[in-house]
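So this one's query.cif, mmCIF, C-alpha atoms:
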data_final
loop_
_atom_site.group_PDB
_atom_site.id
_atom_site.type_symbol
_atom_site.label_atom_id
_atom_site.label_comp_id
_atom_site.auth_asym_id
_atom_site.auth_seq_id
_atom_site.Cartn_x
_atom_site.Cartn_y
_atom_site.Cartn_z
ATOM 1 C CA MET A 1 -7.403 46.966 -25.489
ATOM 2 C CA ASN A 2 -3.638 46.991 -25.550
ATOM 3 C CA PHE A 3 -1.295 44.069 -24.928
ATOM 4 C CA ILE A 4 -0.435 44.988 -21.314
ATOM 5 C CA SER A 5 -4.058 45.032 -20.173
ATOM 6 C CA ARG A 6 -4.809 41.727 -21.988
ATOM 7 C CA LEU A 7 -1.767 40.164 -20.345
ATOM 8 C CA SER A 8 -2.866 41.379 -16.911
ATOM 9 C CA TYR A 9 -6.399 39.943 -17.388
ATOM 10 C CA PHE A 10 -4.964 36.641 -18.581
ATOM 11 C CA SER A 11 -2.445 36.346 -15.731
ATOM 12 C CA GLY A 12 -5.104 37.320 -13.166
ATOM 13 C CA GLY A 13 -7.451 34.597 -14.413
ATOM 14 C CA PHE A 14 -4.593 32.115 -14.578
ATOM 15 C CA LEU A 15 -3.631 32.806 -10.958
ATOM 16 C CA ILE A 16 -7.247 32.506 -9.787
ATOM 17 C CA GLY A 17 -7.463 29.153 -11.607
ATOM 18 C CA LEU A 18 -4.259 27.918 -9.947
ATOM 19 C CA VAL A 19 -5.504 28.893 -6.500
ATOM 20 C CA PHE A 20 -8.823 27.192 -7.249
ATOM 21 C CA LEU A 21 -7.073 23.966 -8.285
ATOM 22 C CA MET A 22 -4.709 24.007 -5.306
ATOM 23 C CA PHE A 23 -7.610 24.521 -2.903
ATOM 24 C CA PHE A 24 -9.901 21.825 -4.289
ATOM 25 C CA LEU A 25 -7.315 19.224 -5.279
ATOM 26 C CA SER A 26 -5.096 19.404 -2.208
ATOM 27 C CA GLY A 27 -5.181 16.266 -0.105
ATOM 28 C CA LYS A 28 -6.856 14.182 -2.772
ATOM 29 C CA ARG A 29 -5.179 11.255 -4.401
ATOM 30 C CA THR A 30 -5.288 12.550 -7.944
ATOM 31 C CA SER A 31 -2.738 11.592 -10.537
ATOM 32 C CA CYS A 32 -2.273 11.801 -14.260
ATOM 33 C CA SER A 33 -0.864 8.616 -15.698
ATOM 34 C CA TYR A 34 -0.775 8.795 -19.463
ATOM 35 C CA PHE A 35 2.205 6.578 -20.266
ATOM 36 C CA PRO A 36 1.485 2.872 -20.836
ATOM 37 C CA GLU A 37 3.769 1.684 -18.035
ATOM 38 C CA SER A 38 2.235 3.910 -15.385
ATOM 39 C CA ARG A 39 -1.293 3.030 -16.529
ATOM 40 C CA VAL A 40 -0.573 -0.705 -16.180
ATOM 41 C CA LYS A 41 1.040 -0.249 -12.753
ATOM 42 C CA LYS A 42 -1.908 1.821 -11.550
ATOM 43 C CA ASP A 43 -4.399 -0.744 -12.857
ATOM 44 C CA ILE A 44 -2.573 -3.620 -11.144
ATOM 45 C CA SER A 45 -2.220 -1.724 -7.862
ATOM 46 C CA ARG A 46 -6.009 -1.227 -7.674
ATOM 47 C CA LYS A 47 -6.768 -4.946 -7.917
ATOM 48 C CA ASN A 48 -6.495 -7.815 -5.471
ATOM 49 C CA LEU A 49 -3.059 -9.354 -5.835
ATOM 50 C CA GLU A 50 -2.672 -13.119 -5.630
ATOM 51 C CA PHE A 51 0.537 -15.114 -5.440
ATOM 52 C CA GLN A 52 0.761 -18.381 -7.329
ATOM 53 C CA ASN A 53 3.623 -20.796 -6.554
ATOM 54 C CA LEU A 54 5.172 -18.598 -3.859
ATOM 55 C CA LEU A 55 8.134 -20.470 -2.410
ATOM 56 C CA LYS A 56 8.942 -18.391 0.684
ATOM 57 C CA LYS A 57 6.922 -15.879 2.660
ATOM 58 C CA ASP A 58 9.798 -13.368 2.442
ATOM 59 C CA ASP A 59 9.589 -13.373 -1.352
ATOM 60 C CA SER A 60 6.313 -11.433 -1.302
ATOM 61 C CA ILE A 61 8.014 -8.265 -0.026
ATOM 62 C CA ALA A 62 10.631 -8.382 -2.777
ATOM 63 C CA LEU A 63 7.958 -8.999 -5.401
ATOM 64 C CA LEU A 64 5.920 -6.019 -4.224
ATOM 65 C CA LYS A 65 9.072 -3.897 -4.518
ATOM 66 C CA VAL A 66 9.478 -5.074 -8.117
ATOM 67 C CA LEU A 67 5.867 -4.072 -8.790
ATOM 68 C CA LYS A 68 6.414 -0.614 -7.349
ATOM 69 C CA ASP A 69 9.908 0.229 -8.592
ATOM 70 C CA GLY A 70 10.362 -2.138 -11.517
ATOM 71 C CA VAL A 71 10.109 -1.525 -15.227
ATOM 72 C CA ILE A 72 7.690 -3.304 -17.547
ATOM 73 C CA ASN A 73 9.392 -4.952 -20.499
ATOM 74 C CA PHE A 74 6.677 -4.773 -23.151
ATOM 75 C CA SER A 75 8.715 -6.795 -25.660
ATOM 76 C CA LYS A 76 8.563 -9.812 -23.313
ATOM 77 C CA SER A 77 4.968 -9.141 -22.239
ATOM 78 C CA LYS A 78 1.999 -10.797 -23.922
ATOM 79 C CA THR A 79 -0.686 -8.138 -24.030
ATOM 80 C CA ASP A 80 -2.849 -9.856 -26.645
ATOM 81 C CA PHE A 81 -3.935 -12.774 -24.434
ATOM 82 C CA LYS A 82 -7.686 -12.710 -24.055
ATOM 83 C CA PRO A 83 -8.859 -13.444 -20.525
ATOM 84 C CA CYS A 84 -5.751 -12.058 -18.818
ATOM 85 C CA LYS A 85 -2.857 -10.037 -20.195
ATOM 86 C CA GLN A 86 0.644 -11.008 -19.077
ATOM 87 C CA TYR A 87 3.191 -8.359 -18.135
ATOM 88 C CA TYR A 88 6.902 -8.948 -17.546
ATOM 89 C CA PHE A 89 8.342 -6.760 -14.773
ATOM 90 C CA GLU A 90 12.055 -6.501 -14.040
ATOM 91 C CA LEU A 91 14.134 -4.649 -11.476
ATOM 92 C CA ASP A 92 17.898 -4.225 -11.536
ATOM 93 C CA ASN A 93 19.376 -4.174 -8.048
ATOM 94 C CA ASN A 94 22.612 -2.508 -7.075
ATOM 95 C CA THR A 95 24.069 -6.001 -7.060
ATOM 96 C CA LYS A 96 24.635 -7.962 -10.248
ATOM 97 C CA LYS A 97 21.214 -9.598 -10.087
ATOM 98 C CA LYS A 98 17.973 -8.803 -11.830
ATOM 99 C CA ILE A 99 14.638 -9.743 -10.232
ATOM 100 C CA TRP A 100 11.848 -10.476 -12.690
ATOM 101 C CA LEU A 101 8.219 -11.501 -12.403
ATOM 102 C CA VAL A 102 5.271 -12.237 -14.677
ATOM 103 C CA ILE A 103 1.834 -10.922 -13.732
ATOM 104 C CA GLU A 104 -1.461 -11.921 -15.272
ATOM 105 C CA ASN A 105 -3.677 -8.852 -15.214
ATOM 106 C CA CYS A 106 -7.265 -10.110 -15.254
ATOM 107 C CA ARG A 107 -10.446 -8.071 -15.008
ATOM 108 C CA ASN A 108 -10.941 -8.411 -11.218
ATOM 109 C CA LYS A 109 -7.565 -9.583 -9.948
ATOM 110 C CA ALA A 110 -3.859 -9.696 -10.701
ATOM 111 C CA ILE A 111 -1.917 -12.939 -10.281
ATOM 112 C CA ILE A 112 1.857 -13.262 -9.951
ATOM 113 C CA THR A 113 2.420 -16.478 -11.877
ATOM 114 C CA SER A 114 6.212 -16.764 -11.982
ATOM 115 C CA TYR A 115 9.253 -14.935 -10.720
ATOM 116 C CA GLY A 116 12.969 -15.388 -10.415
ATOM 117 C CA VAL A 117 16.409 -13.897 -10.131
ATOM 118 C CA ALA A 118 18.702 -13.642 -13.148
ATOM 119 C CA GLU A 119 22.388 -12.792 -13.320
ATOM 120 C CA ASN A 120 23.345 -9.681 -15.289
#
Please rewrite the model in this file as structure tokens.
Amino acid sequence: MNFISRLSYFSGGFLIGLVFLMFFLSGKRTSCSYFPESRVKKDISRKNLEFQNLLKKDDSIALLKVLKDGVINFSKSKTDFKPCKQYYFELDNNTKKKIWLVIENCRNKAIITSYGVAEN
């Protein structure tokens, strides 16, 4: 069998596989999160979120935005704590302020323990 016929068999099978995947996986909430930051965010988003020491009701919306769009600073996080790991999230706004929060990621729930605004 020459190269052209092998290439045509391969590309035909590849296209059938793509159509198969597009048909069966369309509309489903599938995702591939292999990086540590996206795995932590996905794990926290699946759990019940509790607010501890929330000062104002309006703060909860800003904190959820930090969870969604923020970056995890693993150097400030304490991932070796035993019952609950602590993660330090931070989000730089367009202004000169940085919003940060600390989340304890337990087995069944996630708790926002502290948060604040820092000047850049």
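Distance annotation: of A:Leu15, A:Leu7, A:Val71, A:Ile111, the residue with the minimal separation from Ser38 of chain A is A:Val71; atom set is all atoms listed in the file.
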Inset, instruction - Kindly indicate which residue among A:Ser33, A:Ser75, A:Asn53, A:Ser45 lies nearest to Asn105 of chain A, using only C-alpha atoms for the distances. - result: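 Among A:Ser33, A:Ser75, A:Asn53, A:Ser45, it is A:Ser45 that comes nearest to Asn105 of chain A.
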Legend entry - Selection under test: the PyMOL selection byres ((chain A and resi 36) around 12); residues as a list in words: Cys32, Ser33, Tyr34, Phe35, Glu37, Ser38, Arg39, Val40, Lys41, Lys42, Asp43, Val71, Ile72, Asn73, Phe74, Thr79 and Tyr87 of chain A
Legend entry - Top pick for closest residue to Lys65 of chain A, considering A:Gln52, A:Ser77, A:Gln86, A:Asn93 and counting all atoms listed in the file: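 Smallest separation from Lys65 of chain A among the options: A:Asn93.
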Legend entry - Pairwise distance for atom CA of Ser26 of chain A and atom CA of Lys68 of chain A, rounded to one decimal in Å: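 Atom-to-atom, atom CA of Ser26 of chain A and atom CA of Lys68 of chain A are spaced 23.7 Å apart.
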Inset, instruction - Could you please determine the separation between atom CA of Leu64 of chain A and atom CA of Lys82 of chain A in Å, to one decimal place? - result: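 Going from atom CA of Leu64 of chain A over to atom CA of Lys82 of chain A, I get 25.0 Å.
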Inset, instruction - Find the residues around Ile99 of chain A up to 8 Å (all atoms listed in the file counted), leave out those fewer than 3 positions away in its own chain, and share them as a PyMOL selection string. - result: chain A and resi 66+90-93+115-118
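The interatomic distance for the pair atom CA of Met22 of chain A and atom CA of Arg6 of chain A works out to 24.3 Å.
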